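Encoded as structure tokens, the structure appears first; notes follow it.
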Amino acid sequence: MSSNSSAFTKVLKNLLVLTSGRAVQSAVRAAHAGGRSVVLVPTMGALHAGHQALIREGRKRSSEVWVSIFVNPTQFDDPADLNGYPRQFEADCKLAQEAGATGVFAPSLAEVYPDGFVGQFSTLEVNYGRLTSELEGQDRPGHFDGVVQVVRRLFELVEPDVALFGEKDFQQLAVIADLARRENLGVEVVSVPTVRGEEGLALSSRNVRLSQAARKAALLLSAKIKAVARAPQPLAAADIAFAELADHPLIAPAYFAVVESDTFAPYDPENPRPARVLVAAEVDGIRLIDNVALEGVD
Ligand code: AMP
């Protein structure tokens, strides 16, 4: 956190800004003692209206909503992506406050990883079957190891009753729900629909890095997943959409898939179950993901 953060805390009167796990724990325990449940919204900062939707949803559930801001190195498989990740702490505090957060918890690396970690990688290996091996798991080796490690640690430090995650990162949501279930963490994992810009682009912290031309190209991702979600033959439509994206000079797609929403097994049109259309692509070097529900199977 920047050295002027204490002065900044005074400006944002109704927002607590804490960096120590012990301090956040005592704030949370005071809330629990007062009979209030505690909501956690884990983020990597560079907040936007998508994060604010999570905070507002949190406020519907409790007056005690904590936003964690921590750019987690162990979930980045690409050092350039980590180094270029946008950081705007003071603006984030204002956005969190505007949406009704009680406080921002911005832990140090040492607080989250007291035992350190090797290089940039997680010291934990998770295997939740297809949930961690397919799609993002395959394209970003080690990504979910880092996600699970940091979320588990944030839950340990904050001790929330409820944690909110966006459908924007649909596979992450499935992994975290599975983590909470497998390890009986006593945290209710709640999902919030994806917030999009006017033209359909899913809001993402990485969007600020898109040039005008890249932004226009990125609109194709949401347009195509929506078209596939409505297609009479979604599997064939997904293959065509992948090829069309690959033909675009600014787009390098990683996958375009239709999978069962709960298991991440390939969607089977002979045995239709609720499913999700998911895409990942580098657009002018910026990695973006998006997804929507397959229509007609819910
Ligand atoms: P991040 O800061 O990107 O790690 O995201 C923090 C949380 O906000 C995650 O649960 C994301 O799924 C969620 N989130 C990010 N973008 C959006 C969006 N456009 N709409 C809804 N939730 C989002």
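For the structure tokens, the naming scheme is as follows: chains receive sequential letters (A, B, ...) according to their order of presentation, residues are indexed from 1 within each chain, and ligands are indexed from 1 in presentation order.
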
Can you build me a table of chain A residues sitting at most 6 Å from ligand 1, with the closest atom pair per residue and its distance in Å to one decimal, using only C-alpha atoms and all ligand atoms, sorted by chain and residue number, as CSV?
residue,atom,partner,partner_atom_place_in_ligand_line,distance
A:Pro42,CA,ligand 1,6 (C),5.7
A:Thr43,CA,ligand 1,2 (O),3.7
A:Met44,CA,ligand 1,2 (O),3.8
A:Gly45,CA,ligand 1,2 (O),5.2
A:Gly50,CA,ligand 1,20 (N),3.7
A:His51,CA,ligand 1,8 (O),4.7
A:Phe165,CA,ligand 1,10 (O),3.3
A:Gly166,CA,ligand 1,12 (O),3.2
A:Glu167,CA,ligand 1,12 (O),5.5
A:Lys168,CA,ligand 1,12 (O),4.7
A:Asp169,CA,ligand 1,12 (O),4.4
A:Pro193,CA,ligand 1,21 (C),5.6
A:Thr194,CA,ligand 1,20 (N),3.5
A:Val195,CA,ligand 1,20 (N),3.8
A:Arg196,CA,ligand 1,19 (N),5.7
A:Ala202,CA,ligand 1,19 (N),4.8
A:Leu203,CA,ligand 1,19 (N),3.8
A:Ser204,CA,ligand 1,16 (N),4.9

Can you write out the residues you just picked, keeping N, CA and C atoms, as an mmCIF file, in the first residue's frame?
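The resulting file, out18.cif, is reproduced below:
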data_model
loop_
_atom_site.group_PDB
_atom_site.id
_atom_site.type_symbol
_atom_site.label_atom_id
_atom_site.label_comp_id
_atom_site.auth_asym_id
_atom_site.auth_seq_id
_atom_site.Cartn_x
_atom_site.Cartn_y
_atom_site.Cartn_z
ATOM 1 N N PRO A 42 -13.606 -10.888 -2.681
ATOM 2 C CA PRO A 42 -12.165 -10.923 -3.021
ATOM 3 C C PRO A 42 -11.913 -10.345 -4.417
ATOM 4 N N THR A 43 -10.949 -9.436 -4.534
ATOM 5 C CA THR A 43 -10.620 -8.843 -5.837
ATOM 6 C C THR A 43 -9.110 -8.666 -5.958
ATOM 7 N N MET A 44 -8.708 -8.366 -7.189
ATOM 8 C CA MET A 44 -7.310 -7.994 -7.422
ATOM 9 C C MET A 44 -7.209 -6.491 -7.718
ATOM 10 N N GLY A 45 -8.227 -5.741 -7.296
ATOM 11 C CA GLY A 45 -8.185 -4.296 -7.493
ATOM 12 C C GLY A 45 -8.529 -3.898 -8.917
ATOM 13 N N GLY A 50 -18.373 -4.010 -12.361
ATOM 14 C CA GLY A 50 -18.589 -5.433 -12.079
ATOM 15 C C GLY A 50 -18.299 -5.743 -10.617
ATOM 16 N N HIS A 51 -17.166 -5.244 -10.124
ATOM 17 C CA HIS A 51 -16.834 -5.445 -8.711
ATOM 18 C C HIS A 51 -17.885 -4.745 -7.824
ATOM 19 N N PHE A 165 -18.590 -14.065 -5.711
ATOM 20 C CA PHE A 165 -17.741 -14.226 -6.897
ATOM 21 C C PHE A 165 -18.578 -13.978 -8.143
ATOM 22 N N GLY A 166 -17.938 -13.447 -9.197
ATOM 23 C CA GLY A 166 -18.663 -13.109 -10.414
ATOM 24 C C GLY A 166 -18.738 -14.280 -11.380
ATOM 25 N N GLU A 167 -19.865 -14.358 -12.094
ATOM 26 C CA GLU A 167 -19.990 -15.367 -13.158
ATOM 27 C C GLU A 167 -19.007 -15.094 -14.290
ATOM 28 N N LYS A 168 -18.505 -13.862 -14.349
ATOM 29 C CA LYS A 168 -17.505 -13.505 -15.367
ATOM 30 C C LYS A 168 -16.370 -14.546 -15.392
ATOM 31 N N ASP A 169 -15.955 -14.973 -14.183
ATOM 32 C CA ASP A 169 -14.916 -16.012 -14.069
ATOM 33 C C ASP A 169 -15.634 -17.304 -13.674
ATOM 34 N N PRO A 193 -24.224 -12.220 -11.513
ATOM 35 C CA PRO A 193 -24.133 -12.190 -12.980
ATOM 36 C C PRO A 193 -23.106 -11.197 -13.504
ATOM 37 N N THR A 194 -22.645 -11.458 -14.705
ATOM 38 C CA THR A 194 -21.617 -10.615 -15.340
ATOM 39 C C THR A 194 -22.177 -9.245 -15.705
ATOM 40 N N VAL A 195 -21.422 -8.220 -15.363
ATOM 41 C CA VAL A 195 -21.786 -6.854 -15.759
ATOM 42 C C VAL A 195 -21.053 -6.530 -17.061
ATOM 43 N N ARG A 196 -21.818 -6.015 -18.036
ATOM 44 C CA ARG A 196 -21.252 -5.724 -19.360
ATOM 45 C C ARG A 196 -21.350 -4.239 -19.677
ATOM 46 N N ALA A 202 -17.767 -7.734 -21.627
ATOM 47 C CA ALA A 202 -17.747 -7.982 -20.186
ATOM 48 C C ALA A 202 -16.730 -7.055 -19.533
ATOM 49 N N LEU A 203 -17.123 -6.369 -18.478
ATOM 50 C CA LEU A 203 -16.172 -5.481 -17.804
ATOM 51 C C LEU A 203 -15.049 -6.326 -17.214
ATOM 52 N N SER A 204 -13.832 -5.834 -17.372
ATOM 53 C CA SER A 204 -12.653 -6.528 -16.851
ATOM 54 C C SER A 204 -11.592 -5.487 -16.536
#

(message) Report as a PyMOL selection string all protein, DNA and RNA residues lying within 7 Å of region 161-164 of chain A, evaluated on only C-alpha atoms, omitting residues in the same chain fewer than 6 positions from it.
(response) chain A and resi 37-41+54+187-191

(message) Restricting the calculation to only C-alpha atoms: of A:Leu47, A:Val126, A:Val297, A:Val147, which residue gets closest to Pro73 (chain A)?
(response) A:Val147

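Straight-line separation from CA of Thr102 (chain A) to CA of Trp66 (chain A): 5.8 Å.
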
(request) Enter the distance from CA of Phe105 (chain A) to CA of Val24 (chain A), in Å, rounded to one decimal. (result)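 One can read the CA of Phe105 (chain A) to CA of Val24 (chain A) distance as 7.0 Å.
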
(message) Can you measure CA of Val175 (chain A) to CA of Ala265 (chain A) for me? One decimal in Å is fine.
(response)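 Between CA of Val175 (chain A) and CA of Ala265 (chain A) the gap is 14.0 Å.
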
(message) Which residue is closest to Arg209 (chain A)? Choose from A:Leu12, A:Ala31, A:Ile286, A:Ala80 and count only C-alpha atoms.
(response)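 Comparing A:Leu12, A:Ala31, A:Ile286, A:Ala80 against Arg209 (chain A), the winner is A:Ile286.
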
Please return as a compact mmCIF listing (two decimals) with N, CA, C and O atoms, in the first residue's frame: the residues of region 59-199 of chain A that backbone DSSP assigns to strand (DSSP E).
# COMPACT_ATOMS: atom_id res chain seq x y z
N GLU A 64 -22.07 -5.48 6.67
CA GLU A 64 -20.62 -5.66 6.87
C GLU A 64 -20.01 -6.32 5.63
O GLU A 64 -20.02 -7.54 5.50
N VAL A 65 -19.54 -5.49 4.71
CA VAL A 65 -18.99 -6.02 3.45
C VAL A 65 -17.54 -5.60 3.30
O VAL A 65 -17.23 -4.40 3.21
N TRP A 66 -16.66 -6.59 3.29
CA TRP A 66 -15.23 -6.32 3.15
C TRP A 66 -14.78 -6.67 1.73
O TRP A 66 -15.12 -7.73 1.21
N VAL A 67 -14.00 -5.74 1.15
CA VAL A 67 -13.43 -5.98 -0.18
C VAL A 67 -11.94 -6.23 0.01
O VAL A 67 -11.24 -5.38 0.58
N SER A 68 -11.47 -7.39 -0.41
CA SER A 68 -10.01 -7.57 -0.35
C SER A 68 -9.40 -7.18 -1.69
O SER A 68 -9.99 -7.40 -2.75
N ILE A 69 -8.27 -6.52 -1.61
CA ILE A 69 -7.53 -6.12 -2.82
C ILE A 69 -6.13 -6.70 -2.70
O ILE A 69 -5.35 -6.31 -1.82
N GLY A 103 -15.22 -1.88 4.46
CA GLY A 103 -13.79 -1.72 4.53
C GLY A 103 -13.07 -2.40 3.38
O GLY A 103 -13.65 -3.22 2.66
N VAL A 104 -11.82 -1.96 3.20
CA VAL A 104 -10.93 -2.59 2.22
C VAL A 104 -9.81 -3.26 3.00
O VAL A 104 -9.21 -2.66 3.89
N PHE A 105 -9.57 -4.50 2.66
CA PHE A 105 -8.46 -5.25 3.26
C PHE A 105 -7.41 -5.45 2.18
O PHE A 105 -7.67 -6.13 1.19
N VAL A 162 -20.10 -15.23 4.12
CA VAL A 162 -20.49 -15.30 2.71
C VAL A 162 -19.34 -14.73 1.87
O VAL A 162 -18.72 -13.74 2.28
N ALA A 163 -19.07 -15.34 0.73
CA ALA A 163 -18.08 -14.76 -0.20
C ALA A 163 -18.74 -14.67 -1.57
O ALA A 163 -19.41 -15.60 -2.01
N LEU A 164 -18.54 -13.52 -2.22
CA LEU A 164 -19.18 -13.28 -3.51
C LEU A 164 -18.17 -13.38 -4.65
O LEU A 164 -17.06 -12.83 -4.56
N PHE A 165 -18.59 -14.07 -5.71
CA PHE A 165 -17.74 -14.23 -6.90
C PHE A 165 -18.58 -13.98 -8.14
O PHE A 165 -19.77 -14.30 -8.18
N GLY A 166 -17.94 -13.45 -9.20
CA GLY A 166 -18.66 -13.11 -10.41
C GLY A 166 -18.74 -14.28 -11.38
O GLY A 166 -17.80 -15.07 -11.50
N GLU A 188 -20.46 -19.48 2.67
CA GLU A 188 -21.42 -19.62 1.58
C GLU A 188 -20.89 -18.89 0.35
O GLU A 188 -20.61 -17.69 0.42
N VAL A 189 -20.73 -19.62 -0.74
CA VAL A 189 -20.21 -19.02 -1.97
C VAL A 189 -21.40 -18.62 -2.84
O VAL A 189 -22.23 -19.46 -3.21
N VAL A 190 -21.48 -17.33 -3.14
CA VAL A 190 -22.63 -16.78 -3.88
C VAL A 190 -22.13 -16.18 -5.20
O VAL A 190 -21.10 -15.50 -5.23
N SER A 191 -22.88 -16.43 -6.28
CA SER A 191 -22.46 -15.91 -7.59
C SER A 191 -23.28 -14.69 -7.99
O SER A 191 -24.43 -14.54 -7.59
N VAL A 192 -22.65 -13.84 -8.78
CA VAL A 192 -23.28 -12.60 -9.26
C VAL A 192 -23.12 -12.54 -10.78
O VAL A 192 -22.02 -12.82 -11.29

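Omitting Ser211 (chain A) and its sequence neighbours fewer than 3 positions away, and counting only C-alpha atoms, the residues within 12 Å are A:Arg206, A:Asn207, A:Val208, A:Ala214, A:Arg215, A:Lys216, A:Ala217, A:Ala218, A:Leu250, A:Val283, A:Asp284, A:Gly285, A:Ile286.
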
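Among the candidate residues A:Gly84, A:Pro160, A:Gly137, A:Pro234, the one lying nearest to Arg29 (chain A) is A:Pro160, with distances computed using only C-alpha atoms.
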
Could you list, as a short mmCIF file (atom, residue, chain, number, x, y, z; two decimals) with N, CA, C and O atoms, in the first residue's frame, every residue within 12 Å of Val279 (chain A), counting only C-alpha atoms and ignoring same-chain residues fewer than 5 positions away?
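Final output, saved to selection.cif:
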data_model
loop_
_atom_site.label_atom_id
_atom_site.label_comp_id
_atom_site.auth_asym_id
_atom_site.auth_seq_id
_atom_site.Cartn_x
_atom_site.Cartn_y
_atom_site.Cartn_z
N LEU A 135 -10.03 -26.26 -19.90
CA LEU A 135 -10.15 -24.84 -20.27
C LEU A 135 -9.08 -23.96 -19.59
O LEU A 135 -7.91 -24.04 -19.94
N GLU A 136 -9.47 -23.14 -18.61
CA GLU A 136 -8.47 -22.28 -17.96
C GLU A 136 -7.37 -23.11 -17.32
O GLU A 136 -6.21 -22.73 -17.30
N ASP A 139 -5.13 -24.16 -20.18
CA ASP A 139 -4.45 -23.07 -20.87
C ASP A 139 -3.52 -22.27 -19.96
O ASP A 139 -2.60 -21.61 -20.42
N LYS A 168 -18.50 -13.86 -14.35
CA LYS A 168 -17.50 -13.50 -15.37
C LYS A 168 -16.37 -14.55 -15.39
O LYS A 168 -15.87 -14.92 -16.45
N ASP A 169 -15.96 -14.97 -14.18
CA ASP A 169 -14.92 -16.01 -14.07
C ASP A 169 -15.63 -17.30 -13.67
O ASP A 169 -15.54 -17.77 -12.54
N PHE A 170 -16.37 -17.86 -14.63
CA PHE A 170 -17.30 -18.94 -14.32
C PHE A 170 -16.60 -20.18 -13.78
O PHE A 170 -17.07 -20.83 -12.85
N GLN A 171 -15.45 -20.50 -14.37
CA GLN A 171 -14.74 -21.70 -13.92
C GLN A 171 -14.15 -21.48 -12.52
O GLN A 171 -14.17 -22.39 -11.68
N ALA A 202 -17.77 -7.73 -21.63
CA ALA A 202 -17.75 -7.98 -20.19
C ALA A 202 -16.73 -7.06 -19.53
O ALA A 202 -15.58 -6.97 -20.00
N ALA A 218 -12.40 -7.02 -29.37
CA ALA A 218 -12.85 -7.76 -28.18
C ALA A 218 -14.37 -7.91 -28.15
O ALA A 218 -14.88 -8.87 -27.55
N LEU A 220 -16.14 -8.90 -30.37
CA LEU A 220 -16.50 -10.14 -31.07
C LEU A 220 -16.66 -11.31 -30.09
O LEU A 220 -17.43 -12.25 -30.34
N LEU A 221 -15.92 -11.28 -28.99
CA LEU A 221 -15.99 -12.41 -28.04
C LEU A 221 -17.40 -12.54 -27.47
O LEU A 221 -18.01 -13.62 -27.52
N SER A 222 -17.94 -11.43 -26.93
CA SER A 222 -19.28 -11.52 -26.35
C SER A 222 -20.32 -11.76 -27.42
O SER A 222 -21.29 -12.52 -27.21
N ALA A 223 -20.14 -11.14 -28.60
CA ALA A 223 -21.12 -11.34 -29.68
C ALA A 223 -21.18 -12.82 -30.06
O ALA A 223 -22.26 -13.39 -30.24
N LYS A 224 -20.01 -13.45 -30.14
CA LYS A 224 -19.98 -14.84 -30.61
C LYS A 224 -20.48 -15.84 -29.55
O LYS A 224 -21.17 -16.80 -29.89
N ILE A 225 -20.16 -15.62 -28.30
CA ILE A 225 -20.69 -16.57 -27.30
C ILE A 225 -22.21 -16.47 -27.22
O ILE A 225 -22.89 -17.48 -27.06
N LYS A 226 -22.72 -15.24 -27.39
CA LYS A 226 -24.20 -15.09 -27.34
C LYS A 226 -24.82 -15.79 -28.55
O LYS A 226 -25.87 -16.43 -28.43
N VAL A 228 -23.59 -18.35 -30.23
CA VAL A 228 -23.47 -19.81 -30.05
C VAL A 228 -24.51 -20.29 -29.03
O VAL A 228 -25.09 -21.37 -29.19
N ALA A 229 -24.74 -19.49 -27.99
CA ALA A 229 -25.69 -19.88 -26.95
C ALA A 229 -27.11 -20.05 -27.51
O ALA A 229 -27.92 -20.76 -26.93
N ALA A 238 -19.77 -23.43 -32.15
CA ALA A 238 -18.59 -23.05 -31.36
C ALA A 238 -17.31 -23.26 -32.17
O ALA A 238 -16.38 -22.43 -32.12
N ASP A 239 -17.25 -24.37 -32.91
CA ASP A 239 -16.05 -24.62 -33.73
C ASP A 239 -15.90 -23.55 -34.81
O ASP A 239 -14.79 -23.07 -35.08
N ALA A 241 -17.10 -20.50 -34.66
CA ALA A 241 -16.76 -19.23 -34.00
C ALA A 241 -15.27 -19.18 -33.66
O ALA A 241 -14.62 -18.14 -33.83
N PHE A 242 -14.71 -20.31 -33.19
CA PHE A 242 -13.28 -20.36 -32.88
C PHE A 242 -12.47 -20.02 -34.13
O PHE A 242 -11.54 -19.20 -34.09
N LEU A 245 -12.70 -16.36 -35.05
CA LEU A 245 -11.86 -15.52 -34.18
C LEU A 245 -10.39 -15.66 -34.56
O LEU A 245 -9.65 -14.68 -34.61
N ILE A 251 -6.75 -11.22 -32.90
CA ILE A 251 -7.26 -12.18 -31.92
C ILE A 251 -6.56 -13.54 -32.02
O ILE A 251 -6.44 -14.10 -33.12
N ALA A 252 -6.11 -14.04 -30.88
CA ALA A 252 -5.57 -15.41 -30.81
C ALA A 252 -6.40 -16.18 -29.80
O ALA A 252 -6.16 -16.09 -28.58
N PRO A 253 -7.43 -16.92 -30.27
CA PRO A 253 -8.28 -17.62 -29.31
C PRO A 253 -7.56 -18.81 -28.67
O PRO A 253 -6.77 -19.49 -29.33
N ALA A 254 -7.85 -19.06 -27.38
CA ALA A 254 -7.28 -20.23 -26.69
C ALA A 254 -8.29 -21.37 -26.73
O ALA A 254 -7.92 -22.52 -26.97
N TYR A 255 -9.54 -21.08 -26.46
CA TYR A 255 -10.60 -22.11 -26.56
C TYR A 255 -11.94 -21.42 -26.77
O TYR A 255 -12.11 -20.23 -26.46
N PHE A 256 -12.86 -22.20 -27.32
CA PHE A 256 -14.26 -21.77 -27.45
C PHE A 256 -15.05 -23.04 -27.18
O PHE A 256 -15.02 -23.96 -28.00
N ALA A 257 -15.67 -23.16 -26.03
CA ALA A 257 -16.19 -24.45 -25.59
C ALA A 257 -17.62 -24.37 -25.09
O ALA A 257 -18.08 -23.31 -24.65
N VAL A 258 -18.30 -25.51 -25.15
CA VAL A 258 -19.63 -25.63 -24.54
C VAL A 258 -19.52 -26.81 -23.57
O VAL A 258 -19.27 -27.94 -23.99
N VAL A 259 -19.67 -26.52 -22.27
CA VAL A 259 -19.52 -27.58 -21.27
C VAL A 259 -20.68 -27.55 -20.29
O VAL A 259 -21.35 -26.52 -20.11
N ARG A 287 -5.11 -10.94 -22.45
CA ARG A 287 -5.92 -12.15 -22.33
C ARG A 287 -7.29 -11.83 -21.73
O ARG A 287 -7.37 -11.30 -20.62
N LEU A 288 -8.34 -12.18 -22.46
CA LEU A 288 -9.71 -11.92 -22.00
C LEU A 288 -10.50 -13.23 -21.96
O LEU A 288 -10.24 -14.12 -22.77
N ILE A 289 -11.46 -13.30 -21.02
CA ILE A 289 -12.37 -14.46 -20.99
C ILE A 289 -13.80 -13.95 -20.88
O ILE A 289 -14.04 -12.84 -20.40
N ASP A 290 -14.73 -14.79 -21.32
CA ASP A 290 -16.15 -14.45 -21.19
C ASP A 290 -16.97 -15.74 -21.29
O ASP A 290 -16.47 -16.77 -21.77
N ASN A 291 -18.22 -15.68 -20.83
CA ASN A 291 -19.09 -16.86 -20.91
C ASN A 291 -20.54 -16.43 -20.75
O ASN A 291 -20.82 -15.38 -20.17
N VAL A 292 -21.43 -17.27 -21.29
CA VAL A 292 -22.89 -17.09 -21.07
C VAL A 292 -23.51 -18.48 -20.94
O VAL A 292 -22.90 -19.49 -21.34
#

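Counting only C-alpha atoms, the residue from A:Val148, A:Ala227, A:Leu18, A:Leu294 that sits nearest to Ala180 (chain A) is A:Val148.
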